[in-house]
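Asks: The structure that follows is given in the form of structure tokens.
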Amino acid sequence: MRKIELEIVALSHSITQTHSYAVVLGEVNGLRRLPIVIGGFEAQAIAVALEKMQPSRPLTHDLMKNFMSAFNVDLTEIIISDLQEGIFYSKLICVGENDTVEIDSRTSDALALAVRFGCPIYTYENILESAGILMEDTSGKKKKPVATPEKEDTGNDDLRALSLEELHVLLNEVLEQEDYIRAIAIRDEINSRKNQ
């Protein structure tokens with residue numbers, strides 16, 4: 001089967017499921033999107049890597065990357081290989097000194113590792129056909145992957161009421177609590193004020 005390359009185009013709170021997030025994958029050089037519902041911890045792990053944040057302690061996926069690197073194992077690609085009853089299945093394609101190994105993985109974990117390793121994400125045509133969404137090309141511009149938490153969850157209205165100094169204090173507090181989704185919203189509010 002021909003592999004189709006995907007990239008992460010968005011990460012947001014899921015409209016359909018409470019306490020869940022959606023990672024949206026976009027077809028490279030194409031208009032199809034593949035939304036996948038993931039848990040909050042997995043969304044946080046992906047957001048941390050996308051935003052190039054450095055947690056005070058390694059998260060589970062950082063630990064896995066460090067472990068693989070220590071033993072000279074490279075993650076060369078991930079493949080979203082199957083879809084059964086609404087559940088996506090993925091494989092990690094790992095290369096060691098002597099061989100290549102396929103390892104089954106939850107798709108959310110595979111994506112979190114792919115972002116850390118900088119490796120390509122693939123799927124097959126049948127999966128895009130059954131679960132993908134065709135988007136209209138309105139801008140002609142390629143968008144940078146971005147974590148976009150839902151406003152009511154991050155309290156963006158509350159953030160706008162805080163002074164810049166209060167925002168910096170709050171940012172430090174949420175980073176200490178390892179709440180990276182909220183930290184992204186605070187950082188974005190700080191940056192938007194700097195650009196005014």
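Simple scheme: letters A, B, ... for chains in structure tokens order, numbers from 1 for residues in each chain, numbers from 1 for ligands in the order shown.
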Find the residues near region 117-124 of chain A: any atom within 8 Å, counting only C-alpha atoms, skip ones fewer than 4 places away on the same chain, and give them as a list of chain:residue names.

Replies: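 Near neighbours after the sequence-gap exclusion: A:Met1, A:Arg2, A:Lys3, A:Ile4, A:Glu5, A:Leu6, A:Glu7, A:Lys65, A:Asp74, A:Leu75, A:Thr76, A:Glu77, A:Ile78, A:Ile79, A:Ile80, A:Ser81, A:Leu111, A:Leu113, A:Leu128.
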
Asks: Could you save those same residues with all heavy atoms as a short mmCIF file (atom, residue, chain, number, x, y, z; two decimals), in the first residue's frame?

Replies:
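Saved to again.cif:
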data_model
loop_
_atom_site.label_atom_id
_atom_site.label_comp_id
_atom_site.auth_asym_id
_atom_site.auth_seq_id
_atom_site.Cartn_x
_atom_site.Cartn_y
_atom_site.Cartn_z
N MET A 1 0.83 -1.20 0.00
CA MET A 1 0.00 0.00 0.00
C MET A 1 0.87 1.25 0.00
O MET A 1 1.88 1.29 0.70
CB MET A 1 -0.88 0.01 1.25
CG MET A 1 -2.24 -0.58 1.03
SD MET A 1 -3.33 -0.30 2.44
CE MET A 1 -2.99 -1.75 3.40
N ARG A 2 0.42 2.26 -0.73
CA ARG A 2 1.15 3.51 -0.79
C ARG A 2 0.93 4.30 0.50
O ARG A 2 -0.20 4.44 0.97
CB ARG A 2 0.65 4.34 -1.98
CG ARG A 2 1.42 5.61 -2.20
CD ARG A 2 0.93 6.33 -3.44
NE ARG A 2 -0.37 6.95 -3.28
CZ ARG A 2 -0.55 8.19 -2.82
NH1 ARG A 2 0.46 8.94 -2.48
NH2 ARG A 2 -1.78 8.68 -2.71
N LYS A 3 2.03 4.81 1.06
CA LYS A 3 1.94 5.60 2.28
C LYS A 3 1.69 7.06 1.91
O LYS A 3 2.25 7.57 0.93
CB LYS A 3 3.23 5.49 3.10
CG LYS A 3 3.48 4.10 3.63
CD LYS A 3 4.68 4.05 4.56
CE LYS A 3 5.96 4.34 3.81
NZ LYS A 3 7.15 4.09 4.64
N ILE A 4 0.88 7.74 2.71
CA ILE A 4 0.58 9.16 2.53
C ILE A 4 1.15 9.90 3.73
O ILE A 4 0.82 9.57 4.89
CB ILE A 4 -0.93 9.40 2.41
CG1 ILE A 4 -1.48 8.66 1.18
CG2 ILE A 4 -1.24 10.89 2.35
CD1 ILE A 4 -2.97 8.56 1.14
N GLU A 5 1.99 10.90 3.49
CA GLU A 5 2.61 11.63 4.59
C GLU A 5 1.64 12.66 5.16
O GLU A 5 0.93 13.35 4.44
CB GLU A 5 3.89 12.33 4.13
CG GLU A 5 4.65 12.93 5.30
CD GLU A 5 6.03 13.45 4.94
OE1 GLU A 5 6.46 13.32 3.78
OE2 GLU A 5 6.70 13.97 5.86
N LEU A 6 1.65 12.74 6.49
CA LEU A 6 0.81 13.68 7.23
C LEU A 6 1.69 14.56 8.10
O LEU A 6 2.82 14.22 8.40
CB LEU A 6 -0.17 12.91 8.13
CG LEU A 6 -1.11 11.91 7.47
CD1 LEU A 6 -1.84 11.10 8.53
CD2 LEU A 6 -2.10 12.61 6.56
N GLU A 7 1.12 15.69 8.54
CA GLU A 7 1.79 16.55 9.50
C GLU A 7 0.75 17.04 10.49
O GLU A 7 -0.44 17.11 10.18
CB GLU A 7 2.47 17.73 8.80
CG GLU A 7 1.51 18.62 8.05
CD GLU A 7 2.20 19.70 7.23
OE1 GLU A 7 3.40 19.91 7.41
OE2 GLU A 7 1.52 20.31 6.40
N LYS A 65 12.38 8.61 24.43
CA LYS A 65 13.33 9.07 23.40
C LYS A 65 14.76 8.93 23.93
O LYS A 65 15.65 8.44 23.23
CB LYS A 65 13.07 10.50 22.99
CG LYS A 65 14.06 10.98 21.93
CD LYS A 65 13.81 12.41 21.52
CE LYS A 65 14.67 12.78 20.33
NZ LYS A 65 15.96 13.27 20.64
N ASP A 74 16.79 4.45 16.51
CA ASP A 74 16.22 5.66 15.95
C ASP A 74 14.80 5.37 15.48
O ASP A 74 14.52 4.31 14.90
CB ASP A 74 17.07 6.14 14.77
CG ASP A 74 16.65 7.52 14.28
OD1 ASP A 74 16.20 8.34 15.10
OD2 ASP A 74 16.77 7.78 13.06
N LEU A 75 13.90 6.30 15.75
CA LEU A 75 12.53 6.21 15.24
C LEU A 75 12.54 6.89 13.88
O LEU A 75 12.72 8.10 13.78
CB LEU A 75 11.55 6.89 16.20
CG LEU A 75 10.09 6.89 15.78
CD1 LEU A 75 9.55 5.46 15.69
CD2 LEU A 75 9.26 7.69 16.78
N THR A 76 12.38 6.11 12.81
CA THR A 76 12.51 6.67 11.47
C THR A 76 11.17 7.14 10.91
O THR A 76 11.15 8.04 10.06
CB THR A 76 13.13 5.65 10.50
OG1 THR A 76 12.32 4.47 10.48
CG2 THR A 76 14.55 5.31 10.92
N GLU A 77 10.07 6.54 11.35
CA GLU A 77 8.74 6.97 10.92
C GLU A 77 7.69 6.31 11.79
O GLU A 77 7.97 5.32 12.47
CB GLU A 77 8.49 6.61 9.45
CG GLU A 77 8.45 5.13 9.15
CD GLU A 77 8.33 4.82 7.67
OE1 GLU A 77 9.24 5.21 6.90
OE2 GLU A 77 7.32 4.19 7.28
N ILE A 78 6.49 6.90 11.76
CA ILE A 78 5.34 6.23 12.36
C ILE A 78 4.31 6.05 11.26
O ILE A 78 4.23 6.86 10.33
CB ILE A 78 4.75 6.96 13.58
CG1 ILE A 78 4.04 8.23 13.18
CG2 ILE A 78 5.81 7.24 14.63
CD1 ILE A 78 3.02 8.70 14.18
N ILE A 79 3.54 4.99 11.39
CA ILE A 79 2.49 4.71 10.41
C ILE A 79 1.18 4.49 11.16
O ILE A 79 1.10 3.61 12.03
CB ILE A 79 2.81 3.47 9.55
CG1 ILE A 79 4.15 3.63 8.84
CG2 ILE A 79 1.68 3.21 8.55
CD1 ILE A 79 4.63 2.38 8.13
N ILE A 80 0.19 5.31 10.85
CA ILE A 80 -1.16 5.06 11.36
C ILE A 80 -1.69 3.98 10.42
O ILE A 80 -2.06 4.24 9.29
CB ILE A 80 -2.01 6.33 11.34
CG1 ILE A 80 -1.33 7.39 12.22
CG2 ILE A 80 -3.43 6.03 11.83
CD1 ILE A 80 -1.92 8.78 12.09
N SER A 81 -1.67 2.75 10.91
CA SER A 81 -1.79 1.58 10.05
C SER A 81 -3.17 0.96 9.96
O SER A 81 -3.45 0.20 9.02
CB SER A 81 -0.80 0.50 10.52
OG SER A 81 -1.05 0.19 11.88
N LEU A 111 2.47 9.71 17.93
CA LEU A 111 2.58 11.12 17.52
C LEU A 111 3.49 11.90 18.45
O LEU A 111 4.31 12.71 18.00
CB LEU A 111 1.19 11.77 17.45
CG LEU A 111 0.28 11.24 16.34
CD1 LEU A 111 -1.13 11.79 16.52
CD2 LEU A 111 0.83 11.59 14.97
N LEU A 113 5.97 10.78 20.13
CA LEU A 113 7.36 10.38 19.83
C LEU A 113 7.81 10.93 18.48
O LEU A 113 8.96 11.37 18.34
CB LEU A 113 7.50 8.86 19.86
CG LEU A 113 7.48 8.23 21.26
CD1 LEU A 113 7.37 6.72 21.17
CD2 LEU A 113 8.72 8.65 22.04
N LEU A 128 -7.50 7.43 5.26
CA LEU A 128 -7.89 8.81 4.92
C LEU A 128 -9.27 8.83 4.26
O LEU A 128 -10.06 9.75 4.49
CB LEU A 128 -6.86 9.46 4.00
CG LEU A 128 -5.78 10.28 4.66
CD1 LEU A 128 -4.83 10.86 3.63
CD2 LEU A 128 -6.33 11.37 5.54
#

Asks: Please identify all polymer residues within 8 Å of Ala43 (chain A), counting only C-alpha atoms, omitting same-chain residues fewer than 6 positions from it, and present them as a ChimeraX atom specification.

Replies: /A:11,21-23,108

Asks: Going by DSSP on the backbone, which residues of chain A come out as helix (DSSP H, G or I)? List them as a PyMOL selection string.

Replies: chain A and resi 40-50+60-70+107-117+125-131+151-154+156-161+164-176+180-194

Asks: Save out the residues we just selected, C-alpha atoms, as a PDB file, in the first residue's frame.

Replies:
ATOM      1  CA  GLY A  40      -5.436  15.149  27.952  1.00  0.00           C
ATOM      2  CA  PHE A  41      -2.049  13.760  29.018  1.00  0.00           C
ATOM      3  CA  GLU A  42      -1.206  12.752  25.470  1.00  0.00           C
ATOM      4  CA  ALA A  43      -2.302  16.181  24.182  1.00  0.00           C
ATOM      5  CA  GLN A  44      -0.026  17.783  26.761  1.00  0.00           C
ATOM      6  CA  ALA A  45       2.884  15.572  25.674  1.00  0.00           C
ATOM      7  CA  ILE A  46       2.385  16.539  22.024  1.00  0.00           C
ATOM      8  CA  ALA A  47       1.931  20.245  22.843  1.00  0.00           C
ATOM      9  CA  VAL A  48       5.119  20.338  24.934  1.00  0.00           C
ATOM     10  CA  ALA A  49       7.140  18.934  22.030  1.00  0.00           C
ATOM     11  CA  LEU A  50       5.451  21.111  19.385  1.00  0.00           C
ATOM     12  CA  THR A  60       7.299   9.868  29.652  1.00  0.00           C
ATOM     13  CA  HIS A  61       7.836  10.392  25.919  1.00  0.00           C
ATOM     14  CA  ASP A  62      11.052  12.327  26.578  1.00  0.00           C
ATOM     15  CA  LEU A  63      12.230   9.406  28.716  1.00  0.00           C
ATOM     16  CA  MET A  64      11.372   6.978  25.928  1.00  0.00           C
ATOM     17  CA  LYS A  65      13.333   9.067  23.403  1.00  0.00           C
ATOM     18  CA  ASN A  66      16.314   9.264  25.771  1.00  0.00           C
ATOM     19  CA  PHE A  67      16.155   5.499  26.332  1.00  0.00           C
ATOM     20  CA  MET A  68      16.020   4.745  22.612  1.00  0.00           C
ATOM     21  CA  SER A  69      18.857   7.174  21.861  1.00  0.00           C
ATOM     22  CA  ALA A  70      21.013   5.659  24.628  1.00  0.00           C
ATOM     23  CA  THR A 107      -1.521   6.618  17.921  1.00  0.00           C
ATOM     24  CA  SER A 108      -1.291   9.396  20.509  1.00  0.00           C
ATOM     25  CA  ASP A 109       1.977   7.968  21.861  1.00  0.00           C
ATOM     26  CA  ALA A 110       3.319   7.473  18.347  1.00  0.00           C
ATOM     27  CA  LEU A 111       2.577  11.116  17.516  1.00  0.00           C
ATOM     28  CA  ALA A 112       4.222  12.356  20.725  1.00  0.00           C
ATOM     29  CA  LEU A 113       7.356  10.378  19.833  1.00  0.00           C
ATOM     30  CA  ALA A 114       7.283  11.474  16.172  1.00  0.00           C
ATOM     31  CA  VAL A 115       7.348  15.126  17.216  1.00  0.00           C
ATOM     32  CA  ARG A 116      10.313  14.468  19.515  1.00  0.00           C
ATOM     33  CA  PHE A 117      12.280  12.498  16.919  1.00  0.00           C
ATOM     34  CA  GLU A 125      -5.347   5.834   1.557  1.00  0.00           C
ATOM     35  CA  ASN A 126      -8.104   3.607   2.984  1.00  0.00           C
ATOM     36  CA  ILE A 127      -7.773   5.303   6.403  1.00  0.00           C
ATOM     37  CA  LEU A 128      -7.894   8.806   4.919  1.00  0.00           C
ATOM     38  CA  GLU A 129     -10.874   7.755   2.788  1.00  0.00           C
ATOM     39  CA  SER A 130     -12.868   6.453   5.757  1.00  0.00           C
ATOM     40  CA  ALA A 131     -11.909   8.949   8.489  1.00  0.00           C
ATOM     41  CA  LYS A 151     -10.851  29.287  25.279  1.00  0.00           C
ATOM     42  CA  GLU A 152     -13.078  28.329  28.188  1.00  0.00           C
ATOM     43  CA  ASP A 153     -10.596  25.704  29.361  1.00  0.00           C
ATOM     44  CA  THR A 154      -7.649  28.093  29.374  1.00  0.00           C
ATOM     45  CA  ASN A 156      -8.274  33.469  27.994  1.00  0.00           C
ATOM     46  CA  ASP A 157     -10.796  36.105  29.063  1.00  0.00           C
ATOM     47  CA  ASP A 158      -9.300  35.973  32.570  1.00  0.00           C
ATOM     48  CA  LEU A 159      -5.805  36.254  31.098  1.00  0.00           C
ATOM     49  CA  ARG A 160      -6.705  39.459  29.273  1.00  0.00           C
ATOM     50  CA  ALA A 161      -7.643  41.035  32.616  1.00  0.00           C
ATOM     51  CA  LEU A 164       1.936  41.618  32.086  1.00  0.00           C
ATOM     52  CA  GLU A 165       3.708  41.122  35.408  1.00  0.00           C
ATOM     53  CA  GLU A 166       0.822  38.985  36.725  1.00  0.00           C
ATOM     54  CA  LEU A 167       0.947  36.907  33.534  1.00  0.00           C
ATOM     55  CA  HIS A 168       4.659  36.184  34.027  1.00  0.00           C
ATOM     56  CA  VAL A 169       4.041  35.102  37.642  1.00  0.00           C
ATOM     57  CA  LEU A 170       1.124  32.896  36.545  1.00  0.00           C
ATOM     58  CA  LEU A 171       3.238  31.381  33.752  1.00  0.00           C
ATOM     59  CA  ASN A 172       5.898  30.357  36.270  1.00  0.00           C
ATOM     60  CA  GLU A 173       3.242  28.855  38.553  1.00  0.00           C
ATOM     61  CA  VAL A 174       1.632  26.717  35.835  1.00  0.00           C
ATOM     62  CA  LEU A 175       5.040  25.574  34.586  1.00  0.00           C
ATOM     63  CA  GLU A 176       5.865  24.445  38.126  1.00  0.00           C
ATOM     64  CA  TYR A 180       1.747  22.958  29.687  1.00  0.00           C
ATOM     65  CA  ILE A 181      -1.559  23.422  27.871  1.00  0.00           C
ATOM     66  CA  ARG A 182      -2.381  26.401  30.116  1.00  0.00           C
ATOM     67  CA  ALA A 183       1.220  27.631  29.843  1.00  0.00           C
ATOM     68  CA  ILE A 184       0.844  27.838  26.062  1.00  0.00           C
ATOM     69  CA  ALA A 185      -2.247  30.036  26.424  1.00  0.00           C
ATOM     70  CA  ILE A 186      -0.468  32.340  28.902  1.00  0.00           C
ATOM     71  CA  ARG A 187       2.629  32.538  26.710  1.00  0.00           C
ATOM     72  CA  ASP A 188       0.469  33.416  23.701  1.00  0.00           C
ATOM     73  CA  GLU A 189      -1.257  36.185  25.656  1.00  0.00           C
ATOM     74  CA  ILE A 190       2.126  37.610  26.706  1.00  0.00           C
ATOM     75  CA  ASN A 191       3.379  37.454  23.117  1.00  0.00           C
ATOM     76  CA  SER A 192       0.242  39.109  21.747  1.00  0.00           C
ATOM     77  CA  ARG A 193       0.813  42.065  24.050  1.00  0.00           C
ATOM     78  CA  LYS A 194       4.449  42.370  23.006  1.00  0.00           C
TER      79      LYS A 194
END

Asks: From a backbone DSSP assignment, name each residue in chain A labelled strand (DSSP E or B), as a count of residues only.

Replies: 62

Asks: Excluding Leu25 (chain A) and its own-chain neighbours fewer than 5 positions away, which residues fall within 8 Å of it when counting only C-alpha atoms? Please give them as number ranges by chain.

Replies: A: 6-10, 33-36

Asks: What does the structure give for the distance between CA of Phe71 (chain A) and CA of Gly96 (chain A), in Å to one decimal?

Replies: 8.1 Å

Asks: Could you check how far CA of Leu92 (chain A) sits from CA of Asp104 (chain A), in Å to one decimal?

Replies: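 Going from CA of Leu92 (chain A) over to CA of Asp104 (chain A), I get 6.4 Å.
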
Asks: What does the distance between CA of Ser20 (chain A) and CA of Ile93 (chain A) come to in Å, to one decimal place?

Replies: 26.8 Å

Asks: Nearest residue to Val95 (chain A) out of A:Val73, A:Leu59, A:Leu31, A:Val24, using only C-alpha atoms?

Replies: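 Nearest candidate to Val95 (chain A) out of A:Val73, A:Leu59, A:Leu31, A:Val24: A:Val73.
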